[in-house]
Amino acid sequence: MPFHLHFDESDLLRVRFALSPLWETQEAVRTLNRPARHGYHLPWLRRIGRDAAGLDLTPLWLLMPDAGYNPDFVCPPPLGPLATFAEEIAGVRATDPATARADIELALADTPGGLRSDAGRRMLADPGRAVQELADLLEQAWHVMVEPHWPRLRALLEADVAFHSRRLAEVGFERLLGDISPQLRWADSTLTVAGTRGNHSRVLGGQGLVLMPSVFAWPDVIGGYEAPWQPAVIYPARGIGGLWTEPGGTTPDALARLLGRSRADVLCALGEPAGTSALAHRLSLAVSSVSEHLSVLRAAGLLTSRRYGHQVLYERTPLGIALAAQEA
């Protein structure tokens, strides 16, 4: 069912991109319990399986119905483009208990048996305590399931934001929406998000919109957030198909002989733009070595670079793409 967001001119001036480690954490929790989402993430699931099995995520899963209301206070849109997990989870812990109780009750009502469950009744009886316990669970999930992989995830998300920010400047907001997802449609100053969990309509009223890529939201596009939080649209990030691929195993031998194995691995790892630290983490190389390889590849015309936030992102030029595409 569609979700409609009605814009005026001031809203168009307040469209921004953001990343959220907290959002990725709660979507990772959801993905763990949704086999239909596992396809792209099987290598990640194998890596976290034993440690994740030691977490009791039942209270969070009770608030994540397949179809229905999901509580906004558990993961509000980030205040800035580079919010940290610590900043975001502090916001969750500061949630007013009355706001949390209303959110929890709506979610439990859409979860079969949720209102009658022991965990559901405990949350409703003491929402202040529930807020802290849910925040504790999210923090545990972050440390076990997401934080060890965050450099790789953040690199992909930052590359998506850099790409779509450039596209916004090149083609404008209407065409950008079509690039992001076929589920997004623009007509008569209204953004329609198709395939969401309910038929809702919201006038933005000058609040603007947060556009947020997500690794774990695939294949869904999610639109929502009720007051007091800013409206947001969360969409699958570009490049998740190769997210968990180890680049060294796909580097063509001929290219490795030409450039050297490590330098060729760096070039082939840049299927999506990435920064030095993320590449070093992904390839298990020293940051200094990766930095040197990037400089040589850039000087040779195989890479280009641009600054995004706190780091420099590298991406392949057409020549670099052609070399990396050679068969192994």
# chains A, B, ... in the order shown; residues from 1 in each chain; ligands from 1

call {"tool": "residues_around", "arguments": {"residues": "His293 (chain A)", "least_positions_apart": "3", "cutoff": "6 Å", "atoms": "only C-alpha atoms", "output": "list in words"}}
result
Arg263, Val290 and Val296 of chain A

call {"tool": "select_by_dssp", "arguments": {"residues": "region 69-104 of chain A", "states": "alpha helix (DSSP H)", "output": "short mmCIF file (atom, residue, chain, number, x, y, z; two decimals) with all heavy atoms, in the first residue's frame"}}
result
data_model
loop_
_atom_site.label_atom_id
_atom_site.label_comp_id
_atom_site.auth_asym_id
_atom_site.auth_seq_id
_atom_site.Cartn_x
_atom_site.Cartn_y
_atom_site.Cartn_z
N PHE A 85 26.86 5.82 16.49
CA PHE A 85 25.94 4.96 17.21
C PHE A 85 25.74 5.46 18.64
O PHE A 85 24.61 5.45 19.16
CB PHE A 85 26.45 3.52 17.23
CG PHE A 85 25.52 2.57 17.94
CD1 PHE A 85 24.44 2.01 17.27
CD2 PHE A 85 25.69 2.29 19.29
CE1 PHE A 85 23.56 1.16 17.94
CE2 PHE A 85 24.81 1.44 19.96
CZ PHE A 85 23.75 0.88 19.27
N ALA A 86 26.81 5.90 19.28
CA ALA A 86 26.71 6.37 20.67
C ALA A 86 25.75 7.55 20.77
O ALA A 86 24.94 7.64 21.70
CB ALA A 86 28.09 6.77 21.19
N GLU A 87 25.81 8.47 19.81
CA GLU A 87 24.90 9.62 19.81
C GLU A 87 23.46 9.18 19.61
O GLU A 87 22.53 9.67 20.26
CB GLU A 87 25.31 10.61 18.72
CG GLU A 87 26.63 11.31 18.99
CD GLU A 87 27.16 12.06 17.79
OE1 GLU A 87 26.77 11.69 16.64
OE2 GLU A 87 27.96 12.98 17.97
N GLU A 88 23.27 8.24 18.69
CA GLU A 88 21.91 7.80 18.39
C GLU A 88 21.29 6.99 19.53
O GLU A 88 20.11 7.17 19.85
CB GLU A 88 21.92 7.00 17.09
CG GLU A 88 22.24 7.83 15.86
CD GLU A 88 22.04 7.04 14.59
OE1 GLU A 88 22.87 6.16 14.28
OE2 GLU A 88 21.04 7.30 13.91
N ILE A 89 22.06 6.11 20.13
CA ILE A 89 21.48 5.28 21.19
C ILE A 89 21.21 6.14 22.42
O ILE A 89 20.26 5.86 23.19
CB ILE A 89 22.40 4.09 21.55
CG1 ILE A 89 21.60 2.97 22.25
CG2 ILE A 89 23.58 4.51 22.38
CD1 ILE A 89 20.58 2.31 21.38
N ALA A 90 21.97 7.21 22.61
CA ALA A 90 21.68 8.14 23.71
C ALA A 90 20.32 8.80 23.48
O ALA A 90 19.56 9.03 24.44
CB ALA A 90 22.77 9.20 23.81
N GLY A 91 19.98 9.08 22.22
CA GLY A 91 18.67 9.63 21.91
C GLY A 91 17.55 8.66 22.23
O GLY A 91 16.48 9.05 22.71
N VAL A 92 17.78 7.38 21.95
CA VAL A 92 16.77 6.36 22.28
C VAL A 92 16.56 6.31 23.79
O VAL A 92 15.43 6.28 24.29
CB VAL A 92 17.20 4.97 21.76
CG1 VAL A 92 16.23 3.89 22.23
CG2 VAL A 92 17.28 4.97 20.24
N ARG A 93 17.64 6.31 24.55
CA ARG A 93 17.54 6.23 26.02
C ARG A 93 16.81 7.43 26.61
O ARG A 93 16.24 7.34 27.70
CB ARG A 93 18.94 6.11 26.63
CG ARG A 93 19.64 4.80 26.30
CD ARG A 93 20.93 4.65 27.10
NE ARG A 93 21.66 3.44 26.71
CZ ARG A 93 21.37 2.21 27.14
NH1 ARG A 93 20.35 2.05 27.97
NH2 ARG A 93 22.07 1.17 26.73
N PRO A 97 8.84 8.15 28.40
CA PRO A 97 8.13 6.87 28.58
C PRO A 97 6.72 6.87 28.00
O PRO A 97 6.26 5.84 27.47
CB PRO A 97 8.11 6.69 30.10
CG PRO A 97 9.31 7.42 30.57
CD PRO A 97 9.43 8.62 29.66
N ALA A 98 6.02 8.00 28.06
CA ALA A 98 4.66 8.04 27.52
C ALA A 98 4.68 7.87 26.00
O ALA A 98 3.84 7.16 25.42
CB ALA A 98 3.99 9.35 27.90
N THR A 99 5.65 8.52 25.34
CA THR A 99 5.81 8.35 23.89
C THR A 99 6.15 6.90 23.56
O THR A 99 5.60 6.32 22.62
CB THR A 99 6.91 9.28 23.37
OG1 THR A 99 6.55 10.64 23.64
CG2 THR A 99 7.12 9.11 21.86
N ALA A 100 7.07 6.33 24.34
CA ALA A 100 7.47 4.95 24.10
C ALA A 100 6.30 3.99 24.29
O ALA A 100 6.11 3.06 23.49
CB ALA A 100 8.61 4.57 25.04
N ARG A 101 5.50 4.20 25.33
CA ARG A 101 4.38 3.29 25.58
C ARG A 101 3.38 3.30 24.43
O ARG A 101 2.89 2.24 24.01
CB ARG A 101 3.66 3.65 26.88
CG ARG A 101 2.66 2.58 27.31
CD ARG A 101 1.82 2.98 28.51
NE ARG A 101 1.09 1.83 29.03
CZ ARG A 101 0.02 1.28 28.45
NH1 ARG A 101 -0.45 1.79 27.31
NH2 ARG A 101 -0.57 0.23 28.99
N ALA A 102 3.07 4.50 23.91
CA ALA A 102 2.14 4.57 22.79
C ALA A 102 2.69 3.85 21.58
O ALA A 102 1.97 3.12 20.88
CB ALA A 102 1.85 6.04 22.46
N ASP A 103 3.99 4.02 21.29
CA ASP A 103 4.63 3.33 20.16
C ASP A 103 4.61 1.81 20.36
O ASP A 103 4.31 1.05 19.44
CB ASP A 103 6.08 3.81 20.04
CG ASP A 103 6.28 4.81 18.91
OD1 ASP A 103 5.28 5.20 18.29
OD2 ASP A 103 7.43 5.20 18.64
N ILE A 104 4.97 1.38 21.57
CA ILE A 104 5.03 -0.05 21.86
C ILE A 104 3.65 -0.70 21.70
O ILE A 104 3.51 -1.78 21.13
CB ILE A 104 5.59 -0.27 23.28
CG1 ILE A 104 7.07 0.08 23.32
CG2 ILE A 104 5.38 -1.72 23.74
CD1 ILE A 104 7.66 0.15 24.73
#

call {"tool": "select_by_dssp", "arguments": {"residues": "region 98-306 of chain A", "states": "strand (DSSP E or B)", "output": "number ranges by chain"}}
result
A: 184-187, 190-193, 200-203, 209-214, 222-224, 232-236, 274, 303-306

call {"tool": "closest_residue", "arguments": {"among": "A:Ser117, A:Ser165, A:Thr95, A:Gln311", "to": "Gln132 (chain A)", "atoms": "only C-alpha atoms"}}
result
A:Thr95

call {"tool": "atom_distance", "arguments": {"atom1": "CA of Leu323 (chain A)", "atom2": "CA of Pro252 (chain A)"}}
result
9.1 Å

call {"tool": "residues_around", "arguments": {"residues": "Trp150 (chain A)", "least_positions_apart": "2", "cutoff": "12 Å", "atoms": "only C-alpha atoms", "output": "PyMOL selection string"}}
result
chain A and resi 19-22+24-25+28+44+84-85+142-148+152-158+215+243+277-278+281-282

call {"tool": "closest_residue", "arguments": {"among": "A:Gly114, A:Leu108, A:Gln230, A:Leu176", "to": "Gly80 (chain A)", "atoms": "only C-alpha atoms"}}
result
A:Gln230

call {"tool": "atom_distance", "arguments": {"atom1": "CA of Thr31 (chain A)", "atom2": "CA of Trp61 (chain A)"}}
result
10.2 Å
